[in-house]
Structures are given as C-alpha cells and as structure tokens.
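Worksheet: one structure, shown below.
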Amino acid sequence: MTDVAGNRAPAAALPEVWLRGPLDGFDPIVMPAAHALLQSAEDLERAASLLTRDELWARPGGAASVGFHLQHVAGTIDRLLTYARGEQLDAAQLAALKAEKDPGAHASDADALIAGAVRAIQRAVETLRDTPRDSLFEKRFVGRKQLPTTVWGLLFHIAEHTQRHTGQVITTSKIVRGE
C-alpha cells in the first residue's frame, strides 16, 4: 500500500487519506473528491486482494459479487468521465456495461479486477487535478435521455459512487470469507 505521496507503508499504519493533508496540485474545491477516490483505491486493494475466484464471484443472499463491484467501479468511472468531457458513450462502453455482471466477460481474478478499478480511479484523480475551476460548472448531459448535470456534478458523483461500491466490496468480502 502506498500513501498519496507514493511512500510504501502498511495501510493500517496510515490515517485515512483525507487526514494525510492537502494533495499537491489540486484545487481545494476538488480535493475532497480526490481524497475519497484515493481512499477507495486503498480500501479496494485491502478488502479484495486475497479473495479466491469463487469468493470473488460469490453472491451471498443474492447480493452483487465483489467481482461485479470491481468491474462496475472501473466501468462507471470510464462512462462518467466520458460524459464529463461532453461526449456520449460508444458501442464498446455500452457492451462493457452489459457485461459487468458476467464473471467470464472480463479478467476474473482479484488482482486483475482490482488493478482495473485502481487504474480507473487514478484517471479520475488525474481528471480532478487537471480540470480548470472555471469549467466545473459547465453543463453536461448524461445518457440517451440527456439528463442535465455539470462537470463538477459528474466528477463528484464519480467519487461518491466509487465510495458506495467500495463499501459493498468491503462488506461482501467479509461475508464471503466468513469474518
């Protein structure tokens, strides 16, 4: 586990990301979302890295599997960043959305799925860092229905949505491991 400065340290030895101080190069208005995303990356690695393939795809009580949540985090970030750029989804993104629940559709081991989610989180963090403040409240539209939002609405939703699914990964991982 590395901290936001890239230093290796046991995760338990570090305070939560938001308590480690400001992130260099980030506008304070986007920093809470960046902190939340970086915390999710650490939590996903810690919660899912030791799961077997069966545990990864288990659906206790019919709940979504850890594998689904990891794929969904990566896919959702990709889709929401597309909308934030003012673009619409392409055919590959729509196909990936349909395939998220299928354990055979993507990498099926925990390390590969975690790596995909973490890469997507890093792209979102970079976007937060690189988005000029004066563009945050530009109008954007989501989906076929062209639902209205803003760049900031999309970037903030990436953070809160990722945290929501990270919580599910943590809980479901504990259940499938019998903790």
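Here, A, B, ... name the chains of the structure tokens in the order displayed, residue numbers run from 1 inside each chain, and ligands are numbered from 1 in the same displayed order.
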
Practice item. Based on DSSP run over this structure's backbone, return all residues of chain A in helix (DSSP H, G or I), as an MDAnalysis selection string. Key: chainID A and resid 11:13 17:19 31:48 53:57 60:62 66:84 91:99 110:130 133:135 151:176

Practice item. Write out as an MDAnalysis selection string the residues lying within 10 Å of region 152-165 of chain A, counting only C-alpha atoms and excluding same-chain residues fewer than 3 positions away. Key: chainID A and resid 29:30 32:41 43:44 66 68:70 72:74 76:85 117 121 124:125 127:128 131 133 135:142 148:149 168:171

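All residues within chain A that the backbone DSSP calculation assigns to strand (DSSP E) are Lys139, Arg140, Phe141, Val142, Leu147, Pro148, Thr149 and Thr150 of chain A.
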
I need the chosen residues saved as a short mmCIF file (atom, residue, chain, number, x, y, z; two decimals), in the first residue's frame, with C-alpha atoms.
data_model
loop_
_atom_site.label_atom_id
_atom_site.label_comp_id
_atom_site.auth_asym_id
_atom_site.auth_seq_id
_atom_site.Cartn_x
_atom_site.Cartn_y
_atom_site.Cartn_z
CA LYS A 139 -23.39 21.96 -18.45
CA ARG A 140 -23.16 18.31 -19.37
CA PHE A 141 -25.76 15.71 -20.31
CA VAL A 142 -25.98 12.07 -19.31
CA LEU A 147 -30.24 14.30 -18.20
CA PRO A 148 -28.69 17.61 -17.15
CA THR A 149 -25.72 17.98 -14.82
CA THR A 150 -22.37 19.79 -14.69
#

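Using only C-alpha atoms, the shortest contact distance between Arg123 (chain A) and any of A:Gln146, A:Gly75, A:Glu87, A:Ala110 is found at A:Gly75.
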
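Minimum distance to Asp54 (chain A) across A:Gly143, A:Glu16, A:Glu42, A:Ser108 (counting only C-alpha atoms) occurs at A:Ser108.
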
Study note, to complete from the structure: Across A:Gly25, A:Gly62, A:Ile175, A:Gln71, the smallest distance to Ile114 (chain A), with only C-alpha atoms counted, is shown by A:Gln71

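Take the candidates A:Arg46, A:Lys174, A:Arg20, A:Arg53 and check each one against Asp109 (chain A) using only C-alpha atoms; the shortest distance goes to A:Arg53.
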
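Across the model, the gap from CA of Glu100 (chain A) to CA of Ala64 (chain A) is 10.7 Å.
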